[in-house]
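Enquirer: Next up, entry-v6.csv (CSV, C-alpha atoms and all ligand atoms).
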```
chain,number,residue,atom,x,y,z
X,1,MET,CA,-10.3,-13.7,3.8
X,2,LEU,CA,-8.5,-11.2,6.1
X,3,THR,CA,-10.4,-10.4,9.3
X,4,LEU,CA,-9.3,-8.0,12.0
X,5,SER,CA,-11.3,-7.9,15.2
X,6,GLY,CA,-10.9,-5.8,18.3
X,7,VAL,CA,-7.3,-4.8,17.2
X,8,ASP,CA,-5.6,-2.3,19.4
X,9,LYS,CA,-2.1,-0.9,19.2
X,10,ARG,CA,-0.5,1.1,21.9
X,11,TYR,CA,3.2,1.9,21.4
X,12,PRO,CA,5.5,1.8,24.4
X,13,THR,CA,5.6,5.6,24.3
X,14,GLY,CA,1.9,5.5,25.2
X,15,ASP,CA,0.6,6.6,21.8
X,16,ARG,CA,-2.6,4.7,21.1
X,17,ALA,CA,-2.3,4.2,17.3
X,18,LEU,CA,-5.2,1.8,16.8
X,19,SER,CA,-8.5,1.4,18.7
X,20,ASN,CA,-10.8,-1.6,18.4
X,21,ILE,CA,-10.4,-2.1,14.6
X,22,GLU,CA,-13.0,-4.3,13.0
X,23,LEU,CA,-12.4,-5.0,9.4
X,24,MET,CA,-13.2,-7.8,6.9
X,25,LEU,CA,-11.5,-7.8,3.5
X,26,PRO,CA,-12.9,-10.4,1.1
X,27,LYS,CA,-10.8,-12.1,-1.6
X,28,GLY,CA,-10.1,-9.8,-4.6
X,29,GLN,CA,-11.1,-6.6,-3.0
X,30,VAL,CA,-8.9,-3.5,-3.4
X,31,MET,CA,-9.3,-1.3,-0.3
X,32,ALA,CA,-7.8,2.2,0.1
X,33,LEU,CA,-6.9,3.3,3.6
X,34,ILE,CA,-7.1,7.0,3.9
X,35,GLY,CA,-6.8,9.5,6.8
X,36,PRO,CA,-4.7,12.3,8.1
X,37,SER,CA,-1.1,11.9,9.1
X,38,GLY,CA,-0.8,10.0,12.3
X,39,ALA,CA,-4.2,8.4,12.0
X,40,GLY,CA,-2.7,4.9,12.2
X,41,LYS,CA,-2.7,3.7,8.5
X,42,SER,CA,0.9,2.4,8.5
X,43,THR,CA,0.4,0.9,11.9
X,44,LEU,CA,-2.6,-1.0,10.7
X,45,ILE,CA,-0.7,-2.4,7.6
X,46,ARG,CA,2.3,-3.3,9.8
X,47,CYS,CA,0.1,-5.1,12.3
X,48,VAL,CA,-1.2,-7.3,9.6
X,49,ASN,CA,2.3,-8.5,8.6
X,50,ARG,CA,3.4,-8.3,12.2
X,51,LEU,CA,6.2,-5.8,11.6
X,52,VAL,CA,4.4,-4.2,14.5
X,53,GLU,CA,2.9,-6.3,17.2
X,54,PRO,CA,-0.8,-5.5,17.9
X,55,THR,CA,-1.4,-5.0,21.6
X,56,GLN,CA,-4.8,-6.8,21.5
X,57,GLY,CA,-7.2,-8.4,19.1
X,58,SER,CA,-7.3,-11.0,16.4
X,59,ILE,CA,-6.0,-10.9,12.8
X,60,ARG,CA,-7.0,-13.8,10.7
X,61,LEU,CA,-5.7,-14.5,7.2
X,62,GLY,CA,-7.5,-17.6,5.8
X,63,ASP,CA,-7.2,-20.2,8.5
X,64,ASP,CA,-4.2,-18.6,10.3
X,65,GLU,CA,-4.5,-16.5,13.4
X,66,LEU,CA,-1.6,-14.2,12.6
X,67,THR,CA,-1.2,-12.8,16.1
X,68,ARG,CA,-0.3,-16.3,17.4
X,69,LEU,CA,2.3,-17.2,14.8
X,70,SER,CA,6.0,-17.2,15.3
X,71,GLY,CA,9.2,-18.6,13.7
X,72,ARG,CA,8.7,-20.7,10.6
X,73,LYS,CA,4.9,-20.4,10.6
X,74,LEU,CA,5.1,-16.6,10.7
X,75,ARG,CA,7.6,-16.6,7.8
X,76,GLN,CA,5.2,-18.8,5.9
X,77,ALA,CA,2.3,-16.6,6.5
X,78,ARG,CA,4.3,-13.5,5.5
X,79,ARG,CA,5.0,-15.1,2.2
X,80,SER,CA,1.3,-15.0,1.5
X,81,MET,CA,1.4,-11.2,1.9
X,82,GLY,CA,3.2,-9.1,-0.7
X,83,MET,CA,4.6,-5.8,0.5
X,84,ILE,CA,4.9,-2.8,-1.8
X,85,PHE,CA,6.6,0.2,-0.3
X,86,GLN,CA,6.7,3.9,-0.9
X,87,GLU,CA,10.5,4.0,-1.2
X,88,TYR,CA,10.5,0.8,-3.3
X,89,ALA,CA,13.1,-1.0,-1.0
X,90,LEU,CA,15.2,-2.2,-3.9
X,91,VAL,CA,18.8,-3.2,-3.7
X,92,ASP,CA,20.4,-0.5,-5.8
X,93,ARG,CA,23.5,-2.4,-6.9
X,94,LEU,CA,21.5,-5.4,-8.1
X,95,THR,CA,19.8,-5.8,-11.4
X,96,VAL,CA,16.1,-5.6,-12.0
X,97,MET,CA,15.9,-9.4,-12.4
X,98,GLU,CA,17.9,-10.0,-9.2
X,99,ASN,CA,15.6,-7.6,-7.3
X,100,VAL,CA,12.5,-9.4,-8.5
X,101,LEU,CA,14.0,-12.8,-7.7
X,102,SER,CA,14.7,-11.7,-4.2
X,103,GLY,CA,10.9,-11.9,-3.8
X,104,HIS,CA,11.5,-15.7,-3.9
X,105,LEU,CA,14.0,-15.7,-1.1
X,106,GLY,CA,11.4,-17.0,1.4
X,107,TYR,CA,11.1,-20.1,-0.6
X,108,VAL,CA,14.7,-21.1,-1.3
X,109,GLY,CA,17.2,-22.3,1.2
X,110,PHE,CA,20.0,-20.1,2.6
X,111,TRP,CA,22.8,-21.4,0.3
X,112,ARG,CA,20.8,-21.2,-2.8
X,113,SER,CA,19.8,-17.6,-2.1
X,114,PHE,CA,23.3,-16.8,-1.0
X,115,LEU,CA,24.7,-18.1,-4.2
X,116,ARG,CA,21.7,-16.4,-6.0
X,117,ARG,CA,20.7,-19.7,-7.6
X,118,TYR,CA,17.1,-19.7,-8.1
X,119,PRO,CA,14.9,-22.5,-9.5
X,120,GLN,CA,14.3,-22.2,-13.3
X,121,ALA,CA,10.5,-21.9,-12.6
X,122,ALA,CA,11.1,-18.8,-10.5
X,123,VAL,CA,13.3,-17.2,-13.2
X,124,THR,CA,10.7,-18.0,-15.8
X,125,GLU,CA,7.9,-16.5,-13.7
X,126,ALA,CA,10.1,-13.4,-12.9
X,127,PHE,CA,10.5,-12.9,-16.7
X,128,ARG,CA,6.8,-13.2,-17.2
X,129,LEU,CA,6.1,-10.7,-14.4
X,130,LEU,CA,8.6,-8.2,-15.7
X,131,GLU,CA,7.0,-8.4,-19.1
X,132,ARG,CA,3.6,-7.9,-17.5
X,133,VAL,CA,4.7,-4.7,-15.6
X,134,GLY,CA,6.4,-3.4,-18.8
X,135,LEU,CA,10.0,-3.8,-17.9
X,136,GLU,CA,11.1,-6.6,-20.2
X,137,HIS,CA,13.6,-4.2,-21.8
X,138,ALA,CA,15.3,-3.4,-18.5
X,139,ILE,CA,15.9,-6.8,-17.0
X,140,ASP,CA,19.7,-6.4,-16.8
X,141,LYS,CA,19.7,-2.7,-15.7
X,142,ARG,CA,20.9,-1.9,-12.2
X,143,ALA,CA,18.0,-0.8,-9.9
X,144,ASP,CA,19.7,2.6,-9.4
X,145,ALA,CA,19.5,3.4,-13.1
X,146,LEU,CA,15.7,3.3,-13.1
X,147,SER,CA,13.1,6.1,-12.8
X,148,GLY,CA,10.8,6.2,-9.7
X,149,GLY,CA,7.9,4.6,-11.7
X,150,GLN,CA,10.1,1.8,-13.0
X,151,ARG,CA,11.4,1.2,-9.5
X,152,GLN,CA,7.9,0.8,-8.3
X,153,ARG,CA,7.1,-1.6,-11.1
X,154,VAL,CA,10.1,-3.7,-10.0
X,155,GLY,CA,8.7,-3.6,-6.4
X,156,ILE,CA,5.3,-4.8,-7.7
X,157,ALA,CA,6.8,-7.7,-9.7
X,158,ARG,CA,8.9,-8.7,-6.7
X,159,ALA,CA,5.8,-8.7,-4.4
X,160,LEU,CA,3.9,-10.9,-7.0
X,161,LEU,CA,6.7,-13.4,-7.3
X,162,GLN,CA,5.8,-14.6,-3.8
X,163,SER,CA,2.4,-15.6,-5.2
X,164,PRO,CA,0.7,-13.7,-2.3
X,165,GLN,CA,-3.0,-13.8,-1.4
X,166,LEU,CA,-2.9,-10.3,-0.2
X,167,LEU,CA,-1.0,-7.1,-1.1
X,168,LEU,CA,-0.1,-4.6,1.6
X,169,VAL,CA,0.8,-1.4,-0.2
X,170,ASP,CA,2.3,1.5,1.7
X,171,GLU,CA,2.0,4.9,-0.1
X,172,PRO,CA,2.9,3.5,-3.5
X,173,THR,CA,2.7,6.8,-5.3
X,174,ALA,CA,4.2,9.2,-2.7
X,175,SER,CA,7.3,9.9,-4.7
X,176,LEU,CA,5.8,9.8,-8.2
X,177,ASP,CA,4.4,12.4,-10.6
X,178,PRO,CA,0.6,12.5,-11.2
X,179,LYS,CA,0.7,10.5,-14.5
X,180,THR,CA,3.1,7.8,-13.2
X,181,SER,CA,1.0,7.6,-10.0
X,182,ARG,CA,-2.1,6.8,-12.0
X,183,GLN,CA,-0.3,4.3,-14.1
X,184,ILE,CA,1.0,2.5,-11.0
X,185,MET,CA,-2.4,2.5,-9.3
X,186,ARG,CA,-4.0,1.2,-12.5
X,187,LEU,CA,-1.4,-1.6,-12.7
X,188,ILE,CA,-2.0,-2.6,-9.1
X,189,ARG,CA,-5.7,-2.6,-9.7
X,190,GLU,CA,-5.4,-4.7,-12.9
X,191,LEU,CA,-3.1,-7.2,-11.3
X,192,CYS,CA,-5.4,-7.7,-8.3
X,193,ALA,CA,-8.3,-8.3,-10.8
X,194,GLU,CA,-6.2,-10.8,-12.9
X,195,ARG,CA,-5.1,-12.7,-9.8
X,196,GLY,CA,-8.1,-12.4,-7.5
X,197,LEU,CA,-5.8,-10.6,-5.1
X,198,ALA,CA,-7.0,-8.5,-2.2
X,199,ALA,CA,-5.1,-5.3,-1.4
X,200,ILE,CA,-4.9,-2.7,1.4
X,201,ILE,CA,-3.4,0.5,-0.1
X,202,ASN,CA,-2.4,3.2,2.3
X,203,ILE,CA,-2.7,6.4,0.3
X,204,HIS,CA,-2.9,10.1,0.8
X,205,ASP,CA,-4.2,11.0,-2.6
X,206,VAL,CA,-8.0,10.9,-2.2
X,207,ALA,CA,-8.7,11.2,-5.9
X,208,LEU,CA,-6.5,8.2,-6.7
X,209,ALA,CA,-8.1,6.2,-3.9
X,210,LYS,CA,-11.6,7.1,-5.2
X,211,GLN,CA,-10.7,6.2,-8.8
X,212,PHE,CA,-8.9,2.9,-8.3
X,213,ALA,CA,-10.3,1.3,-5.1
X,214,ASP,CA,-13.4,-0.8,-4.6
X,215,ARG,CA,-13.8,0.4,-1.1
X,216,ILE,CA,-12.5,3.2,1.1
X,217,VAL,CA,-11.8,3.0,4.8
X,218,GLY,CA,-11.1,6.2,6.6
X,219,LEU,CA,-9.1,6.3,9.8
X,220,SER,CA,-9.0,9.1,12.2
X,221,ALA,CA,-7.0,9.0,15.5
X,222,GLY,CA,-6.8,5.2,15.3
X,223,GLU,CA,-10.5,4.6,14.7
X,224,ILE,CA,-12.4,3.6,11.6
X,225,VAL,CA,-14.7,6.6,11.0
X,226,PHE,CA,-15.7,5.8,7.4
X,227,ASP,CA,-16.1,2.5,5.6
X,228,GLY,CA,-17.9,2.6,2.3
X,229,HIS,CA,-18.0,2.8,-1.5
X,230,PRO,CA,-15.7,5.5,-3.1
X,231,ASP,CA,-18.9,7.3,-4.4
X,232,GLU,CA,-19.9,7.9,-0.7
X,233,LEU,CA,-16.9,10.2,-0.2
X,234,ASN,CA,-18.3,13.7,-0.1
X,235,PRO,CA,-17.6,16.9,1.8
X,236,GLU,CA,-19.4,15.5,4.9
X,237,THR,CA,-17.6,12.2,5.0
X,238,LEU,CA,-14.2,13.9,4.2
X,239,THR,CA,-14.8,16.2,7.2
X,240,THR,CA,-15.5,13.1,9.4
X,241,ILE,CA,-12.1,11.7,8.3
X,242,TYR,CA,-9.9,14.7,8.0
X,243,GLY,CA,-11.7,17.4,10.0
X,244,GLU,CA,-13.2,20.7,8.9
X,245,GLU,CA,-12.2,22.1,5.5
X,246,ASP,CA,-14.0,23.8,2.7
X,247,TRP,CA,-14.0,20.7,0.4
X,248,GLU,CA,-16.2,22.3,-2.3
X,249,THR,CA,-13.8,25.2,-3.1
X,250,THR,CA,-12.0,24.8,-6.4
X,251,PRO,CA,-10.2,28.1,-6.8
X,252,GLU,CA,-9.5,29.3,-10.4
X,253,PRO,CA,-5.7,29.8,-10.3
X,254,GLN,CA,-4.9,33.5,-11.0
X,255,ASP,CA,-1.5,34.3,-12.4
X,256,ASP,CA,-0.5,35.6,-8.9
X,257,ASP,CA,-1.7,32.4,-7.4
X,258,LYS,CA,0.3,30.0,-9.5
X,259,GLU,CA,3.1,29.8,-7.0
X,260,THR,CA,0.5,29.1,-4.2
X,261,ALA,CA,-1.2,26.4,-6.3
X,262,ALA,CA,2.1,24.7,-6.8
X,263,HIS,CA,2.5,24.4,-3.1
X,264,THR,CA,-1.1,23.1,-2.4
X,265,PRO,CA,-0.7,20.0,-0.3
X,266,PRO,CA,-1.3,16.8,-2.4
X,267,LEU,CA,-4.3,15.9,-0.2
X,268,LEU,CA,-6.2,19.1,-1.2
X,269,GLN,CA,-5.1,18.8,-4.8
X,270,GLY,CA,-6.6,15.3,-4.9
X,271,VAL,CA,-9.9,16.5,-3.3
X,272,GLU,CA,-10.1,19.5,-5.6
X,273,ARG,CA,-9.8,17.2,-8.6
X,274,MET,CA,-12.3,14.9,-7.1
X,275,THR,CA,-14.9,17.6,-6.6
X,276,VAL,CA,-14.8,18.8,-10.1
X,277,GLY,CA,-16.5,15.8,-11.6
X,278,GLY,CA,-14.3,12.9,-10.6
X,279,ALA,CA,-10.6,12.2,-10.7
X,280,SER,CA,-9.0,13.2,-13.9
D,301,LIG,N1,7.4,3.3,16.4
D,301,LIG,C1,6.6,4.1,17.0
D,301,LIG,N2,6.7,4.5,18.3
D,301,LIG,C2,5.8,5.3,18.9
D,301,LIG,N3,4.7,5.8,18.3
D,301,LIG,C3,4.6,5.6,17.0
D,301,LIG,C4,5.4,4.7,16.3
D,301,LIG,N4,5.0,4.6,15.0
D,301,LIG,C5,3.9,5.4,15.0
D,301,LIG,N5,3.6,5.9,16.2
D,301,LIG,C6,2.5,6.8,16.5
D,301,LIG,O1,1.3,6.1,16.2
D,301,LIG,C7,0.3,7.0,15.6
D,301,LIG,C8,0.0,6.4,14.2
D,301,LIG,O2,1.1,6.5,13.3
D,301,LIG,P1,1.1,5.9,11.9
D,301,LIG,O3,2.5,6.1,11.3
D,301,LIG,O4,0.5,4.6,11.9
D,301,LIG,O5,0.1,6.9,11.1
D,301,LIG,P2,-0.2,7.2,9.6
D,301,LIG,O6,-1.6,7.4,9.4
D,301,LIG,O7,0.4,6.1,8.8
D,301,LIG,O8,0.6,8.5,9.3
D,301,LIG,P3,1.3,9.1,8.0
D,301,LIG,O9,0.2,9.3,7.0
D,301,LIG,O10,1.9,10.4,8.4
D,301,LIG,O11,2.3,8.0,7.5
D,301,LIG,C9,1.0,8.4,15.6
D,301,LIG,O12,0.5,9.0,16.7
D,301,LIG,C10,2.4,8.1,15.7
D,301,LIG,O13,3.1,9.1,16.3
```
Is it possible to give me this structure as structure tokens?
Ligand SMILES: Nc1ncnc2c1ncn2[C@@H]1O[C@H](COP(=O)(O)OP(=O)(O)OP(=O)(O)O)[C@@H](O)[C@H]1O
Expert:
Amino acid sequence: MLTLSGVDKRYPTGDRALSNIELMLPKGQVMALIGPSGAGKSTLIRCVNRLVEPTQGSIRLGDDELTRLSGRKLRQARRSMGMIFQEYALVDRLTVMENVLSGHLGYVGFWRSFLRRYPQAAVTEAFRLLERVGLEHAIDKRADALSGGQRQRVGIARALLQSPQLLLVDEPTASLDPKTSRQIMRLIRELCAERGLAAIINIHDVALAKQFADRIVGLSAGEIVFDGHPDELNPETLTTIYGEEDWETTPEPQDDDKETAAHTPPLLQGVERMTVGGAS
């Protein structure tokens, strides 16, 4: 369904962010993209929806060669890709319902969207989606009155209102507590299964990736260095992706260590949870 071949990205600064990326994502597959900071994860996601222009290579979604599209055709192709962002990208002063309906903007004409007049079918579908993501009680609330988890649920409903074929998800849990992070990942996973939607999820938390994705792709310095089933992630493959680290160590926190544990980077916390018998 989505195929990247020979994709390179070199920024004008000279940074080579992606090197010869070969990737095929079938319909309905949830893929987690992991790798250290600066590995090229965001660049890859942004090349797919052309927020970043690849320097070379082909990106096909269905029958469309995305790298050749411009104008109306590019806007149409973008509608088939729902974006879910780390910082939610909601309009604070608008209500939950209005934020979700903005996912329909690509379909309605300028004046209708300016006057915020949406077709009844879009409003009905927005209600249905808000119910599905558990926000039916908050439809009239302003976006700035919501918790982080609720804001992300609005972002998910908005992305789905476009009826996308593919979800591009950029660090959906970065600002959320562990329980809410799991709920959001579970929701994305369930919605993909219900709708036969494929997803690329850029995520730092390896334990969450392992638990909720069908497939893991590891990037390092712009290259794919791991592509496999979540069960294949082990100390050796993690070292290939992230570099040397004692992945097996799961220190018992002593009283004196509590403060240190609280500052353990999320990546290592995830790996530690993972190595003690799967993500909790
Ligand atoms: N707009 C830009 N201009 C120049 N270089 C950039 C730009 N955006 C990213 N880069 C560089 O491209 C490389 C990949 O960055 P990218 O943000 O894609 O990595 P990432 O894996 O998403 O990192 P993180 O996990 O920290 O978000 C890095 O070397 C980065 O400095």
Enquirer: Ligand LIG 301 (chain D): which residues are within 10 Å, counting all atoms listed in the file? Reply as a CSV table (one decimal) with C-alpha atoms, in the frame of the given file.
Expert:
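Result file pocket.csv:
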```csv
chain,number,residue,atom,x,y,z
X,9,LYS,CA,-2.1,-0.9,19.2
X,10,ARG,CA,-0.5,1.1,21.9
X,11,TYR,CA,3.2,1.9,21.4
X,12,PRO,CA,5.5,1.8,24.4
X,13,THR,CA,5.6,5.6,24.3
X,14,GLY,CA,1.9,5.5,25.2
X,15,ASP,CA,0.6,6.6,21.8
X,16,ARG,CA,-2.6,4.7,21.1
X,17,ALA,CA,-2.3,4.2,17.3
X,18,LEU,CA,-5.2,1.8,16.8
X,33,LEU,CA,-6.9,3.3,3.6
X,34,ILE,CA,-7.1,7.0,3.9
X,35,GLY,CA,-6.8,9.5,6.8
X,36,PRO,CA,-4.7,12.3,8.1
X,37,SER,CA,-1.1,11.9,9.1
X,38,GLY,CA,-0.8,10.0,12.3
X,39,ALA,CA,-4.2,8.4,12.0
X,40,GLY,CA,-2.7,4.9,12.2
X,41,LYS,CA,-2.7,3.7,8.5
X,42,SER,CA,0.9,2.4,8.5
X,43,THR,CA,0.4,0.9,11.9
X,44,LEU,CA,-2.6,-1.0,10.7
X,45,ILE,CA,-0.7,-2.4,7.6
X,46,ARG,CA,2.3,-3.3,9.8
X,47,CYS,CA,0.1,-5.1,12.3
X,52,VAL,CA,4.4,-4.2,14.5
X,170,ASP,CA,2.3,1.5,1.7
X,171,GLU,CA,2.0,4.9,-0.1
X,202,ASN,CA,-2.4,3.2,2.3
X,203,ILE,CA,-2.7,6.4,0.3
X,204,HIS,CA,-2.9,10.1,0.8
X,218,GLY,CA,-11.1,6.2,6.6
X,219,LEU,CA,-9.1,6.3,9.8
X,220,SER,CA,-9.0,9.1,12.2
X,221,ALA,CA,-7.0,9.0,15.5
X,222,GLY,CA,-6.8,5.2,15.3
```
Enquirer: So that I can check the surroundings of segment 231-235 of chain X, please list as a short mmCIF file (atom, residue, chain, number, x, y, z; two decimals) with C-alpha atoms, in the coordinates of the input every protein, DNA and RNA residue that reaches within 8 Å of it, counting all atoms listed in the file and ignoring chain neighbours fewer than 5 positions away.
Expert:
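Here's the written file out.cif:
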```
data_model
loop_
_atom_site.label_atom_id
_atom_site.label_comp_id
_atom_site.auth_asym_id
_atom_site.auth_seq_id
_atom_site.Cartn_x
_atom_site.Cartn_y
_atom_site.Cartn_z
CA LYS X 210 -11.60 7.10 -5.20
CA ASP X 246 -14.00 23.80 2.70
CA TRP X 247 -14.00 20.70 0.40
CA GLU X 248 -16.20 22.30 -2.30
#
```
Enquirer: Tell me, as a VMD selection string, which residues lie within 12 Å of segment 66-69 of chain X, counting only C-alpha atoms; anything in the same chain fewer than 2 positions away does not count.
Expert: chain X and resid 2 to 5 7 to 8 46 to 64 71 to 78 80 to 81
Enquirer: Could you list, as an MDAnalysis selection string, every residue within 8 Å of segment 174-177 of chain X, counting only C-alpha atoms and ignoring same-chain residues fewer than 3 positions away?
Expert: chainID X and resid 86:87 148:149 171 180:181 204
Enquirer: So which one's closest to Ile201 of chain X, X:Asn99, X:Thr249, X:Asn20, X:Thr173? Using all atoms listed in the file, please.
Expert: X:Thr173
Enquirer: Any idea what the distance is between atom CA of Ile188 of chain X and atom CA of Ile224 of chain X?
Expert: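 According to the coordinates, atom CA of Ile188 of chain X and atom CA of Ile224 of chain X are separated by 24.0 Å.
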Enquirer: Between atom CA of Gly103 of chain X and atom CA of Gln211 of chain X, measure the distance and give it in Å to one decimal.
Expert: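 It comes out at 28.6 Å.
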Enquirer: Considering only C-alpha atoms, can you say which of X:Ile21, X:Ala213, X:Leu166, X:Val96 comes closest to Glu131 of chain X?
Expert: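 Of all the options, X:Val96 lies closest to Glu131 of chain X.
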Enquirer: Kindly give the distance, in Å, that separates atom CA of Leu187 of chain X and atom CA of Leu129 of chain X, rounded to a single decimal.
Expert: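 Atom CA of Leu187 of chain X sits 11.9 Å away from atom CA of Leu129 of chain X.
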Enquirer: I'd like the neighbourhood of Ala145 of chain X as a list in words, where a residue qualifies if any of its atoms comes within 12 Å (using all atoms listed in the file), though same-chain residues fewer than 5 positions away should be ignored.
Expert: Leu90, Val91, Asp92, Arg93, Leu94, Thr95, Val96, Ala138, Ile139, Asp140, Gln150 and Arg151 of chain X
Enquirer: Between X:Glu136, X:Glu244, X:Glu125, X:Glu22, single out the one closest to His104 of chain X, counting all atoms listed in the file.
Expert: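 Among the listed residues, X:Glu125 lies closest to His104 of chain X.
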Enquirer: Which is closer to Asp214 of chain X than all the others in X:Ser147, X:Gly28, X:Gly6, X:Pro164, using all atoms listed in the file?
Expert: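 Of X:Ser147, X:Gly28, X:Gly6, X:Pro164, the one nearest Asp214 of chain X, counting all atoms listed in the file, is X:Gly28.
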